[in-house]
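Undergrad: Just so it is clear, I am handing over query_38.txt, which has compact mmCIF, C-alpha atoms.
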```txt
# COMPACT_ATOMS: atom_id res chain seq x y z
CA MET I 839 -12.02 -52.75 94.42
CA GLU I 840 -9.19 -50.97 96.16
CA LYS I 841 -9.14 -47.19 95.95
CA ILE I 842 -5.97 -45.53 94.80
CA ARG I 843 -4.41 -42.31 96.00
CA ILE I 844 -3.48 -39.90 93.21
CA GLU I 845 -2.15 -36.41 92.86
CA LEU I 846 -3.73 -34.33 90.15
CA THR I 847 -2.92 -30.78 89.15
CA VAL I 848 -6.08 -29.19 87.82
CA ASN I 849 -5.91 -25.64 86.46
CA GLY I 850 -2.70 -25.08 88.38
CA LYS I 851 -4.06 -26.32 91.70
CA GLN I 852 -2.81 -29.56 93.19
CA HIS I 853 -5.32 -32.07 94.52
CA ASP I 854 -4.76 -35.17 96.60
CA LEU I 855 -7.53 -37.63 95.80
CA LEU I 856 -8.61 -41.15 96.64
CA VAL I 857 -10.28 -42.65 93.59
CA ALA I 858 -11.78 -45.98 92.60
CA PRO I 859 -9.95 -47.45 89.61
CA ASN I 860 -13.10 -47.50 87.47
CA ARG I 861 -13.63 -43.76 87.89
CA THR I 862 -12.99 -41.75 84.74
CA LEU I 863 -11.19 -38.43 84.72
CA ALA I 864 -14.46 -36.82 83.58
CA GLN I 865 -16.31 -38.20 86.63
CA THR I 866 -13.54 -37.12 88.97
CA LEU I 867 -13.49 -33.59 87.58
CA ARG I 868 -17.26 -33.22 87.66
CA GLU I 869 -18.24 -35.12 90.78
CA ASP I 870 -15.22 -35.05 93.09
CA LEU I 871 -13.85 -31.63 92.18
CA ARG I 872 -17.23 -30.11 91.20
CA LEU I 873 -15.79 -28.74 87.97
CA THR I 874 -18.96 -29.23 85.97
CA GLY I 875 -17.81 -27.12 83.04
CA THR I 876 -16.52 -30.37 81.55
CA LYS I 877 -19.58 -31.95 79.92
CA GLN I 878 -20.33 -35.59 79.39
CA GLY I 879 -22.15 -36.36 76.15
CA CYS I 880 -21.74 -39.74 74.47
CA GLU I 881 -19.28 -41.01 77.13
CA VAL I 882 -17.54 -43.26 74.59
CA GLY I 883 -15.14 -40.86 72.90
CA ASP I 884 -17.22 -39.88 69.90
CA CYS I 885 -18.55 -36.41 70.70
CA GLY I 886 -15.68 -34.52 72.36
CA SER I 887 -17.89 -32.72 74.95
CA CYS I 888 -15.64 -33.95 77.76
CA THR I 889 -12.43 -32.70 76.11
CA VAL I 890 -9.83 -31.46 78.58
CA LEU I 891 -6.11 -30.87 78.16
CA LEU I 892 -3.89 -33.50 79.74
CA ASP I 893 -0.33 -32.16 79.83
CA ASP I 894 -1.48 -29.66 77.17
CA VAL I 895 -2.89 -32.17 74.67
CA PRO I 896 -6.63 -32.67 74.14
CA VAL I 897 -8.12 -35.94 75.39
CA ASN I 898 -11.63 -37.28 75.86
CA SER I 899 -11.76 -37.34 79.66
CA CYS I 900 -14.52 -40.00 79.51
CA LEU I 901 -11.92 -42.43 78.15
CA VAL I 902 -9.12 -41.68 80.60
CA LEU I 903 -9.16 -43.29 84.03
CA ALA I 904 -8.51 -40.89 86.86
CA VAL I 905 -5.62 -43.15 87.92
CA GLN I 906 -4.10 -42.75 84.45
CA ALA I 907 -3.96 -39.00 85.01
CA ALA I 908 -2.03 -39.38 88.27
CA GLY I 909 0.80 -36.89 88.56
CA ARG I 910 -0.25 -35.03 85.44
CA ARG I 911 -1.58 -31.58 84.61
CA VAL I 912 -5.21 -31.13 83.62
CA THR I 913 -6.69 -27.96 82.13
CA THR I 914 -10.47 -27.64 82.12
CA ILE I 915 -12.67 -24.83 80.84
CA GLU I 916 -12.68 -23.36 84.36
CA GLY I 917 -8.95 -22.77 84.06
CA LEU I 918 -9.04 -20.44 81.06
CA ALA I 919 -10.40 -17.14 82.35
CA GLN I 920 -8.10 -14.86 84.33
CA GLY I 921 -10.33 -13.59 87.11
CA ASN I 922 -13.19 -11.78 85.40
CA GLU I 923 -11.39 -11.64 82.08
CA LEU I 924 -12.36 -14.34 79.64
CA HIS I 925 -9.81 -16.12 77.46
CA PRO I 926 -9.72 -14.61 73.94
CA ILE I 927 -11.26 -17.81 72.50
CA GLN I 928 -14.13 -17.60 74.99
CA GLU I 929 -14.63 -13.92 74.14
CA ALA I 930 -14.60 -14.62 70.40
CA MET I 931 -17.10 -17.49 70.74
CA ILE I 932 -19.56 -15.09 72.39
CA GLN I 933 -18.97 -12.27 69.93
CA HIS I 934 -19.46 -14.52 66.90
CA GLY I 935 -22.62 -16.14 68.24
CA ALA I 936 -20.79 -19.45 68.06
CA ILE I 937 -22.67 -20.78 71.08
CA GLN I 938 -26.26 -21.99 71.05
CA CYS I 939 -27.05 -24.60 73.68
CA GLY I 940 -23.45 -24.44 74.86
CA PHE I 941 -22.99 -28.11 75.60
CA CYS I 942 -20.16 -28.62 73.09
CA THR I 943 -18.55 -25.25 73.85
CA PRO I 944 -16.12 -26.14 76.66
CA GLY I 945 -14.65 -29.04 74.68
CA MET I 946 -14.62 -26.99 71.50
CA ILE I 947 -12.72 -24.18 73.23
CA LEU I 948 -10.14 -26.53 74.76
CA SER I 949 -9.48 -28.20 71.39
CA ALA I 950 -9.10 -24.72 69.89
CA LYS I 951 -6.74 -23.68 72.69
CA ALA I 952 -4.55 -26.75 72.11
CA LEU I 953 -4.37 -25.80 68.43
CA LEU I 954 -3.55 -22.12 68.97
CA ASP I 955 -0.92 -22.93 71.60
CA ARG I 956 1.07 -24.91 69.02
CA ASN I 957 -0.01 -23.10 65.85
CA PRO I 958 -0.84 -19.43 66.51
CA ASP I 959 -1.90 -18.72 62.92
CA PRO I 960 -3.91 -21.67 61.58
CA ASP I 961 -5.92 -21.57 58.35
CA ALA I 962 -9.58 -22.63 58.25
CA GLY I 963 -8.66 -26.18 57.22
CA GLU I 964 -6.31 -26.59 60.18
CA ILE I 965 -8.99 -25.28 62.54
CA LYS I 966 -11.55 -27.72 61.15
CA ASP I 967 -9.09 -30.62 61.55
CA ALA I 968 -8.34 -29.60 65.13
CA LEU I 969 -12.07 -29.41 65.95
CA SER I 970 -13.00 -32.57 64.05
CA GLY I 971 -13.39 -34.53 67.30
CA ASN I 972 -15.89 -32.05 68.74
CA LEU I 973 -19.47 -32.37 67.58
CA CYS I 974 -21.98 -29.50 67.62
CA ARG I 975 -25.58 -30.62 67.12
CA CYS I 976 -27.24 -27.18 67.24
CA THR I 977 -26.27 -25.80 63.87
CA GLY I 978 -23.03 -25.90 62.06
CA TYR I 979 -19.44 -25.06 62.50
CA GLN I 980 -19.00 -21.89 60.45
CA LYS I 981 -19.31 -19.43 63.33
CA ILE I 982 -17.14 -21.59 65.55
CA VAL I 983 -14.36 -21.66 62.92
CA GLU I 984 -14.67 -17.89 62.45
CA ALA I 985 -14.49 -17.35 66.20
CA VAL I 986 -11.27 -19.37 66.44
CA GLN I 987 -9.78 -17.47 63.47
CA ASP I 988 -10.69 -14.19 65.13
CA ALA I 989 -9.28 -15.29 68.48
CA ALA I 990 -6.05 -16.32 66.76
CA ALA I 991 -5.77 -12.89 65.13
CA LYS I 992 -6.42 -11.11 68.44
CA MET I 993 -4.00 -13.30 70.36
CA GLY I 994 -1.36 -12.66 67.70
CA ARG I 995 -1.75 -8.91 68.15
CA ASP I 996 -1.45 -8.97 71.94
CA MET M 865 -22.27 -44.80 81.42
CA LEU M 866 -20.32 -46.41 84.23
CA LEU M 867 -17.33 -48.65 83.96
CA PRO M 868 -17.69 -52.05 85.59
CA ARG M 869 -15.54 -52.73 88.63
CA PHE M 870 -12.00 -53.99 88.26
CA GLU M 871 -8.68 -54.07 90.08
CA TYR M 872 -5.99 -51.81 88.66
CA HIS M 873 -2.34 -52.81 88.29
CA GLN M 874 0.49 -50.62 87.13
CA PRO M 875 3.63 -52.73 86.88
CA ALA M 876 6.95 -50.89 86.68
CA SER M 877 8.73 -53.19 84.23
CA LEU M 878 8.02 -55.52 81.34
CA ASP M 879 8.90 -58.56 83.46
CA GLU M 880 6.54 -57.46 86.18
CA ALA M 881 3.82 -56.77 83.62
CA VAL M 882 4.17 -60.29 82.21
CA GLU M 883 4.08 -61.69 85.74
CA VAL M 884 0.91 -59.80 86.68
CA LEU M 885 -0.70 -60.72 83.38
CA GLY M 886 0.20 -64.37 83.90
CA GLN M 887 -1.23 -64.30 87.40
CA TYR M 888 -4.63 -63.17 86.09
CA ALA M 889 -4.47 -64.62 82.57
CA GLY M 890 -7.94 -64.90 81.18
CA GLU M 891 -9.41 -62.35 83.60
CA ALA M 892 -7.05 -59.48 82.83
CA ALA M 893 -6.97 -56.98 80.01
CA VAL M 894 -4.01 -54.84 79.01
CA LEU M 895 -4.67 -51.10 79.24
CA ALA M 896 -2.71 -48.88 76.86
CA GLY M 897 -4.56 -45.83 75.49
CA GLY M 898 -7.96 -47.15 76.54
CA THR M 899 -9.81 -45.71 73.54
CA ASP M 900 -11.12 -49.15 72.55
CA LEU M 901 -10.91 -51.11 75.81
CA LEU M 902 -12.80 -48.61 77.96
CA VAL M 903 -15.47 -48.19 75.27
CA ASN M 904 -15.96 -51.97 75.11
CA MET M 905 -16.15 -52.12 78.90
CA LYS M 906 -18.72 -49.30 79.03
CA HIS M 907 -20.77 -51.14 76.42
CA GLN M 908 -20.42 -54.28 78.55
CA ALA M 909 -18.87 -56.12 75.64
CA MET M 910 -15.94 -56.93 77.94
CA ALA M 911 -15.70 -57.22 81.71
CA PRO M 912 -12.10 -57.97 82.72
CA SER M 913 -11.75 -58.12 86.50
CA HIS M 914 -8.16 -56.82 86.31
CA LEU M 915 -6.65 -54.07 84.17
CA VAL M 916 -2.90 -54.09 83.67
CA SER M 917 -1.77 -50.61 82.69
CA LEU M 918 1.48 -50.32 80.76
CA ALA M 919 1.93 -46.66 81.68
CA GLY M 920 4.64 -47.47 84.22
CA VAL M 921 6.76 -49.60 81.89
CA GLU M 922 9.58 -47.51 80.49
CA GLY M 923 10.80 -47.63 76.92
CA LEU M 924 7.60 -48.85 75.27
CA ASP M 925 6.87 -45.43 73.78
CA GLN M 926 10.03 -45.02 71.72
CA ALA M 927 11.04 -45.82 68.15
CA SER M 928 14.56 -46.67 67.07
CA ALA M 929 16.65 -47.96 64.17
CA ASP M 930 19.46 -50.43 64.68
CA GLY M 931 21.38 -52.50 62.15
CA GLY M 932 18.80 -52.45 59.38
CA ARG M 933 15.91 -52.97 61.75
CA VAL M 934 13.29 -50.43 62.76
CA THR M 935 11.54 -50.87 66.12
CA VAL M 936 8.30 -49.12 67.02
CA GLY M 937 7.24 -49.08 70.66
CA PRO M 938 3.68 -50.35 71.19
CA LEU M 939 2.77 -47.46 73.49
CA MET M 940 3.48 -44.78 70.88
CA SER M 941 0.29 -42.83 70.30
CA ALA M 942 -1.23 -42.16 66.92
CA ALA M 943 -0.61 -38.42 67.42
CA VAL M 944 3.09 -38.98 68.12
CA LEU M 945 3.47 -41.39 65.18
CA ALA M 946 1.69 -39.00 62.82
CA GLN M 947 4.05 -36.15 63.72
CA SER M 948 7.30 -38.10 64.02
CA GLU M 949 9.93 -37.35 61.38
CA PHE M 950 11.63 -40.63 62.23
CA ILE M 951 8.45 -42.59 61.48
CA ALA M 952 7.80 -40.57 58.31
CA ALA M 953 11.30 -41.49 57.06
CA ASN M 954 11.47 -45.10 58.23
CA ALA M 955 7.89 -46.37 58.32
CA GLY M 956 5.99 -43.70 56.42
CA ALA M 957 2.83 -45.74 55.85
CA LEU M 958 2.33 -45.90 59.61
CA ALA M 959 2.53 -42.11 59.93
CA LEU M 960 -0.07 -41.74 57.17
CA GLY M 961 -2.49 -44.16 58.81
CA ALA M 962 -1.98 -42.75 62.30
CA ALA M 963 -2.78 -39.24 61.04
CA VAL M 964 -6.33 -40.18 60.01
CA LEU M 965 -7.29 -42.47 62.89
CA GLY M 966 -10.32 -41.39 64.93
CA SER M 967 -10.21 -37.77 66.02
CA PRO M 968 -7.50 -35.51 67.51
CA GLN M 969 -8.57 -36.46 71.06
CA VAL M 970 -8.53 -40.17 70.21
CA ARG M 971 -5.13 -39.88 68.48
CA THR M 972 -3.49 -38.42 71.58
CA ARG M 973 -4.44 -41.56 73.54
CA ALA M 974 -4.77 -44.44 71.06
CA THR M 975 -1.61 -46.51 70.76
CA VAL M 976 -0.23 -48.54 67.89
CA GLY M 977 0.01 -51.62 70.11
CA GLY M 978 -3.64 -51.33 71.03
CA ASN M 979 -4.62 -50.86 67.40
CA VAL M 980 -2.76 -54.03 66.43
CA CYS M 981 -3.92 -56.16 69.38
CA ASN M 982 -7.57 -55.17 68.93
CA ALA M 983 -7.31 -56.65 65.45
CA ARG M 984 -10.13 -54.76 63.80
CA PRO M 985 -10.31 -55.46 60.06
CA ALA M 986 -10.23 -51.73 59.18
CA ALA M 987 -7.60 -50.65 61.73
CA ASP M 988 -5.82 -47.51 60.50
CA MET M 989 -2.42 -48.52 61.86
CA SER M 990 -2.57 -52.29 61.33
CA VAL M 991 -3.12 -52.05 57.58
CA PRO M 992 -0.05 -49.81 57.06
CA LEU M 993 2.03 -52.07 59.31
CA LEU M 994 1.09 -55.04 57.15
CA ALA M 995 2.30 -53.16 54.07
CA LEU M 996 5.52 -52.40 55.95
CA GLY M 997 6.11 -56.11 56.60
CA ALA M 998 6.03 -55.61 60.35
CA ARG M 999 6.54 -58.35 62.91
CA ALA M 1000 4.92 -58.49 66.34
CA VAL M 1001 7.30 -59.19 69.22
CA LEU M 1002 5.41 -61.01 71.95
CA THR M 1003 6.84 -61.32 75.45
CA GLY M 1004 5.42 -63.97 77.73
CA PRO M 1005 6.41 -66.14 80.67
CA ASP M 1006 8.52 -68.34 78.37
CA GLY M 1007 10.40 -65.47 76.75
CA GLN M 1008 10.01 -63.72 73.44
CA ARG M 1009 8.69 -64.81 70.09
CA GLN M 1010 8.21 -63.01 66.80
CA VAL M 1011 5.17 -63.35 64.61
CA ASP M 1012 4.77 -61.88 61.13
CA LEU M 1013 1.81 -59.56 61.23
CA GLU M 1014 -0.01 -61.47 58.48
CA GLU M 1015 0.00 -64.48 60.80
CA PHE M 1016 -0.75 -62.41 63.90
CA PHE M 1017 -4.34 -61.59 62.94
CA VAL M 1018 -6.75 -64.50 63.17
CA GLY M 1019 -10.19 -62.91 62.90
CA PRO M 1020 -12.10 -59.80 63.95
CA GLY M 1021 -10.72 -58.97 67.40
CA GLN M 1022 -8.67 -62.16 67.46
CA THR M 1023 -4.92 -62.63 67.33
CA VAL M 1024 -2.39 -65.34 68.14
CA ARG M 1025 -1.35 -63.42 71.27
CA ALA M 1026 -1.86 -65.67 74.29
CA PRO M 1027 -3.66 -64.16 77.33
CA GLY M 1028 -0.38 -64.14 79.27
CA GLU M 1029 1.61 -62.45 76.50
CA LEU M 1030 2.30 -58.78 75.85
CA LEU M 1031 3.01 -57.10 72.56
CA SER M 1032 6.36 -55.61 73.55
CA ALA M 1033 7.51 -54.22 70.18
CA LEU M 1034 6.74 -53.96 66.51
CA GLU M 1035 9.71 -54.53 64.24
CA MET M 1036 10.35 -54.20 60.54
CA ASP M 1037 13.26 -54.05 58.12
CA ALA M 1038 14.61 -50.57 57.49
CA PRO M 1039 13.38 -49.26 54.15
CA ALA M 1040 15.64 -49.65 51.11
CA PRO M 1041 16.68 -46.42 49.38
CA GLY M 1042 14.01 -45.38 46.88
CA THR M 1043 11.09 -46.57 48.99
CA GLY M 1044 7.81 -44.71 49.27
CA TRP M 1045 4.48 -45.31 50.95
CA GLY M 1046 0.85 -44.54 50.33
CA TYR M 1047 -2.28 -44.80 52.44
CA GLN M 1048 -5.83 -44.30 51.25
CA LYS M 1049 -8.86 -44.35 53.51
CA LEU M 1050 -12.39 -44.27 52.18
CA GLY M 1051 -15.17 -43.34 54.57
CA LEU M 1052 -18.36 -41.33 54.55
CA ARG M 1053 -16.85 -38.55 56.67
CA LYS M 1054 -13.41 -37.17 57.34
CA ALA M 1055 -13.07 -37.78 61.07
CA LEU M 1056 -14.14 -40.39 63.61
CA GLU M 1057 -14.64 -42.84 60.80
CA ILE M 1058 -14.21 -46.57 60.44
CA SER M 1059 -13.08 -47.17 56.88
CA LEU M 1060 -15.33 -48.61 54.23
CA VAL M 1061 -12.11 -49.66 52.57
CA ASN M 1062 -8.52 -48.70 53.39
CA VAL M 1063 -5.39 -49.54 51.44
CA ALA M 1064 -1.71 -49.16 52.31
CA ALA M 1065 1.12 -49.58 49.81
CA ALA M 1066 4.90 -49.77 50.04
CA LEU M 1067 6.94 -49.45 46.87
CA SER M 1068 10.72 -49.71 46.38
CA LEU M 1069 12.39 -48.69 43.14
CA GLU M 1070 15.61 -50.01 41.57
CA ASP M 1071 18.57 -47.65 41.19
CA ASP M 1072 17.24 -46.60 37.78
CA GLY M 1073 14.40 -44.82 39.63
CA LYS M 1074 11.74 -46.53 37.49
CA THR M 1075 11.71 -50.30 37.83
CA ILE M 1076 9.78 -51.66 40.80
CA LYS M 1077 12.08 -53.73 43.01
CA ALA M 1078 9.60 -54.65 45.72
CA ALA M 1079 5.99 -53.89 46.52
CA ARG M 1080 3.50 -54.71 49.23
CA VAL M 1081 -0.18 -53.82 49.19
CA ALA M 1082 -2.36 -54.29 52.29
CA LEU M 1083 -6.14 -54.05 52.42
CA GLY M 1084 -8.50 -53.21 55.27
CA ALA M 1085 -12.23 -53.79 55.79
CA VAL M 1086 -12.44 -56.36 52.99
CA ALA M 1087 -11.78 -59.56 54.98
CA PRO M 1088 -12.10 -60.74 58.61
CA THR M 1089 -8.60 -59.34 59.23
CA PRO M 1090 -6.33 -56.82 57.51
CA ILE M 1091 -4.85 -58.78 54.57
CA LEU M 1092 -2.06 -58.58 52.06
CA ALA M 1093 -2.83 -58.52 48.34
CA PRO M 1094 -0.12 -60.83 46.99
CA GLY M 1095 -1.58 -60.71 43.47
CA ALA M 1096 -1.06 -56.97 43.35
CA ALA M 1097 2.55 -57.22 44.51
CA GLU M 1098 3.23 -59.89 41.90
CA VAL M 1099 2.18 -57.81 38.89
CA LEU M 1100 4.20 -54.84 40.12
CA VAL M 1101 7.64 -56.32 40.69
CA GLY M 1102 10.00 -55.97 37.72
CA GLN M 1103 7.72 -53.54 35.90
CA ALA M 1104 8.25 -49.86 35.23
CA ALA M 1105 6.23 -47.85 37.75
CA GLY M 1106 3.32 -45.90 36.32
CA GLY M 1107 -0.42 -45.54 35.94
CA ASP M 1108 -1.08 -48.62 33.81
CA VAL M 1109 0.73 -51.10 36.00
CA PHE M 1110 -0.82 -49.51 39.11
CA LYS M 1111 -4.25 -49.97 37.56
CA ALA M 1112 -3.46 -53.63 36.83
CA ALA M 1113 -2.33 -54.03 40.44
CA GLY M 1114 -5.61 -52.51 41.57
CA GLN M 1115 -7.54 -55.15 39.61
CA LYS M 1116 -5.43 -57.90 41.18
CA ALA M 1117 -5.97 -56.42 44.66
CA ALA M 1118 -9.73 -56.40 44.03
CA ALA M 1119 -9.48 -60.09 43.19
CA ASP M 1120 -7.53 -60.72 46.42
CA ALA M 1121 -10.16 -58.92 48.52
CA LYS M 1122 -12.90 -60.94 50.22
CA PRO M 1123 -15.44 -58.27 51.15
CA ILE M 1124 -18.90 -58.78 52.57
CA ASP M 1125 -22.09 -56.71 52.43
CA ASP M 1126 -22.72 -54.79 55.63
CA HIS M 1127 -24.24 -51.52 56.82
CA ARG M 1128 -21.16 -49.58 55.71
CA GLY M 1129 -21.23 -50.75 52.11
CA SER M 1130 -21.78 -53.61 49.71
CA ALA M 1131 -19.21 -56.21 48.79
CA TRP M 1132 -19.46 -55.14 45.13
CA TYR M 1133 -18.73 -51.49 45.96
CA ARG M 1134 -15.89 -52.38 48.27
CA ARG M 1135 -14.24 -54.51 45.60
CA GLU M 1136 -14.51 -51.69 43.06
CA MET M 1137 -13.02 -49.27 45.59
CA VAL M 1138 -10.13 -51.61 46.38
CA ALA M 1139 -9.08 -51.29 42.73
CA VAL M 1140 -9.33 -47.49 42.77
CA LEU M 1141 -7.69 -46.97 46.16
CA THR M 1142 -4.87 -49.42 45.43
CA ALA M 1143 -3.93 -47.48 42.28
CA ARG M 1144 -4.09 -44.20 44.25
CA ALA M 1145 -2.01 -45.56 47.13
CA LEU M 1146 0.60 -46.83 44.66
CA ASN M 1147 0.72 -43.45 42.91
CA GLN M 1148 1.21 -41.78 46.28
CA ALA M 1149 3.96 -44.26 47.18
CA TRP M 1150 5.62 -43.77 43.79
CA ALA M 1151 5.73 -39.99 44.19
CA ARG M 1152 7.39 -40.40 47.57
CA ALA M 1153 9.78 -43.08 46.32
CA GLN M 1154 11.02 -40.56 43.75
CA GLY M 1155 11.59 -38.08 46.53
CA GLN M 1156 8.65 -35.81 45.72
```
Hey, can you dump this file as structure tokens for me?
TA:
Amino acid sequence: MEKIRIELTVNGKQHDLLVAPNRTLAQTLREDLRLTGTKQGCEVGDCGSCTVLLDDVPVNSCLVLAVQAAGRRVTTIEGLAQGNELHPIQEAMIQHGAIQCGFCTPGMILSAKALLDRNPDPDAGEIKDALSGNLCRCTGYQKIVEAVQDAAAKMGRD
Amino acid sequence: MLLPRFEYHQPASLDEAVEVLGQYAGEAAVLAGGTDLLVNMKHQAMAPSHLVSLAGVEGLDQASADGGRVTVGPLMSAAVLAQSEFIAANAGALALGAAVLGSPQVRTRATVGGNVCNARPAADMSVPLLALGARAVLTGPDGQRQVDLEEFFVGPGQTVRAPGELLSALEMDAPAPGTGWGYQKLGLRKALEISLVNVAAALSLEDDGKTIKAARVALGAVAPTPILAPGAAEVLVGQAAGGDVFKAAGQKAAADAKPIDDHRGSAWYRREMVAVLTARALNQAWARAQGQ
């Protein structure tokens, strides 16, 4: 199995990597780049824990080969905060108590970011649709939806 | 869950892709979005020793209209199809099906070509394409051939595509004026769902805006492949569109369905739902055909 050289821009930083073809983007992010904020849950595209943005659209990184991401831009949860300042969605998730175990949170936030970047003022139905590929097994989704609504309002004011 | 080992190929043209595929025919799988293939490989249901990615082949992710013919590129993703105004206007049923496939993250990757070639009986894009009268364009070492989609599907996961052939395009006739489409998906949840029953309908009206000129109804999850309901189309053509005739078409579609009992639902329930969903899909298509 011949390894393949790829360039990957992750959170604005360019990486030159040598990857086996059967390595997923999720594995590469977590194990090669040590960006463990991306979680692996079901690993077959059902749970959304491994959601990252690939050229600004949400994908399950467990179902993308690292070689398929060659030359493209990846945004992970580590890329959202500016220094010590959290992204407004991260801030709102904390304030609304929308995090329990936290395992779904990175994927949830990236799906929410993809939504707010293209639709700054979504209604609750649009938020639920956008988060429908991210499963939370702790409780429910009400606080998460409220957090995204609140973040949208705050981002609109800034 | 680790992927088994394989060699990766990324040909830069359709010819090269066909060549690589021919070289490893039988041991190679075509990689498009990967949302089915990689899952099957992780579950060890498939172990191709070569993956041929189509990502480097230009032009497979575009749709176009030319001389009464609409072409849909096999690498177009469900997300792109669901949001495309061109698809909504020229192959609306496909946009409706693409919009409810999987989840947002799956839709950004899953391609229409993959959905068709995987040949699942409930496939959210295959059933609409059948209602649209689509044809699969297959490119192989001996050139191109066209297969009507109703002859393309052979059984669950099985098609007439030879191991050395690629689905290079999906084609259909451009819609006549006064055409509308409907798509109805019944599942137990709203996302990440494989349909219990899904129905797609295409309806074209005569110039009078009432009489049905042509109709096609396609059914999913009620046979080993997506199927057409010819009985439903037959009762519709020549009649004035409306609730009663749609209901009658629903009954005919239920008779055309060949459902089985499985963990998702019983054959009896599925047949009942075919009748209901067919009438709903036709109502939806009718509203659109009238420009609503």
Undergrad: Residues of chain M no more than 12 Å from chain I, counting all atoms listed in the file: send them over as a PyMOL selection string.
TA: chain M and resi 865-874+895-907+911-920+941+943-944+963-974+1053-1058
Undergrad: Produce a file of the selected residues containing C-alpha atoms, as a CSV table (one decimal), in the frame of the given file.
TA:
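The result, written out as out.csv:
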```
chain,number,residue,atom,x,y,z
M,865,MET,CA,-22.3,-44.8,81.4
M,866,LEU,CA,-20.3,-46.4,84.2
M,867,LEU,CA,-17.3,-48.6,84.0
M,868,PRO,CA,-17.7,-52.0,85.6
M,869,ARG,CA,-15.5,-52.7,88.6
M,870,PHE,CA,-12.0,-54.0,88.3
M,871,GLU,CA,-8.7,-54.1,90.1
M,872,TYR,CA,-6.0,-51.8,88.7
M,873,HIS,CA,-2.3,-52.8,88.3
M,874,GLN,CA,0.5,-50.6,87.1
M,895,LEU,CA,-4.7,-51.1,79.2
M,896,ALA,CA,-2.7,-48.9,76.9
M,897,GLY,CA,-4.6,-45.8,75.5
M,898,GLY,CA,-8.0,-47.2,76.5
M,899,THR,CA,-9.8,-45.7,73.5
M,900,ASP,CA,-11.1,-49.2,72.6
M,901,LEU,CA,-10.9,-51.1,75.8
M,902,LEU,CA,-12.8,-48.6,78.0
M,903,VAL,CA,-15.5,-48.2,75.3
M,904,ASN,CA,-16.0,-52.0,75.1
M,905,MET,CA,-16.2,-52.1,78.9
M,906,LYS,CA,-18.7,-49.3,79.0
M,907,HIS,CA,-20.8,-51.1,76.4
M,911,ALA,CA,-15.7,-57.2,81.7
M,912,PRO,CA,-12.1,-58.0,82.7
M,913,SER,CA,-11.8,-58.1,86.5
M,914,HIS,CA,-8.2,-56.8,86.3
M,915,LEU,CA,-6.6,-54.1,84.2
M,916,VAL,CA,-2.9,-54.1,83.7
M,917,SER,CA,-1.8,-50.6,82.7
M,918,LEU,CA,1.5,-50.3,80.8
M,919,ALA,CA,1.9,-46.7,81.7
M,920,GLY,CA,4.6,-47.5,84.2
M,941,SER,CA,0.3,-42.8,70.3
M,943,ALA,CA,-0.6,-38.4,67.4
M,944,VAL,CA,3.1,-39.0,68.1
M,963,ALA,CA,-2.8,-39.2,61.0
M,964,VAL,CA,-6.3,-40.2,60.0
M,965,LEU,CA,-7.3,-42.5,62.9
M,966,GLY,CA,-10.3,-41.4,64.9
M,967,SER,CA,-10.2,-37.8,66.0
M,968,PRO,CA,-7.5,-35.5,67.5
M,969,GLN,CA,-8.6,-36.5,71.1
M,970,VAL,CA,-8.5,-40.2,70.2
M,971,ARG,CA,-5.1,-39.9,68.5
M,972,THR,CA,-3.5,-38.4,71.6
M,973,ARG,CA,-4.4,-41.6,73.5
M,974,ALA,CA,-4.8,-44.4,71.1
M,1053,ARG,CA,-16.8,-38.6,56.7
M,1054,LYS,CA,-13.4,-37.2,57.3
M,1055,ALA,CA,-13.1,-37.8,61.1
M,1056,LEU,CA,-14.1,-40.4,63.6
M,1057,GLU,CA,-14.6,-42.8,60.8
M,1058,ILE,CA,-14.2,-46.6,60.4
```
Undergrad: As an exercise, work out the distance from atom CA of M:Asn1062 to atom CA of M:Gly1084 in Å and give it to one decimal place.
TA: 4.9 Å
Undergrad: Provide the atom CA of M:Cys981 to atom CA of M:Pro938 distance in Å, to one decimal place.
TA: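 Atom CA of M:Cys981 sits 9.7 Å away from atom CA of M:Pro938.
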Undergrad: Could you check the closest approach to M:Ala995 for each of M:Gly1073, M:Gly978, M:Gly1007, M:Gly961 and tell me which residue wins, using all atoms listed in the file?
TA: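 Of the candidates, the smallest distance to M:Ala995 is held by M:Gly961.
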Undergrad: Quick one: pull the distance between atom CA of M:Phe1110 and atom CA of M:Trp1150, Å, one decimal.
TA: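 Going from atom CA of M:Phe1110 over to atom CA of M:Trp1150, I get 9.8 Å.
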Undergrad: Show me, as a list in words, the residues that have an atom within 6 Å of M:Lys1077 when counting only C-alpha atoms, minus same-chain residues fewer than 5 positions from it.
TA: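 Neighbouring residues, sequence-local ones excluded: Ser1068, Leu1069, Glu1070 and Val1101 of chain M.
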Undergrad: Identify the residues around (-1.7, -52.4, 49.5) within a radius of 10 Å, measuring from all atoms listed in the file in the coordinates stated by the file, and give them as a PyMOL selection string.
TA: chain M and resi 991-992+994-996+1045-1048+1062-1067+1079-1084+1091-1094+1096-1097+1113-1114+1117+1138+1141-1143+1145-1146
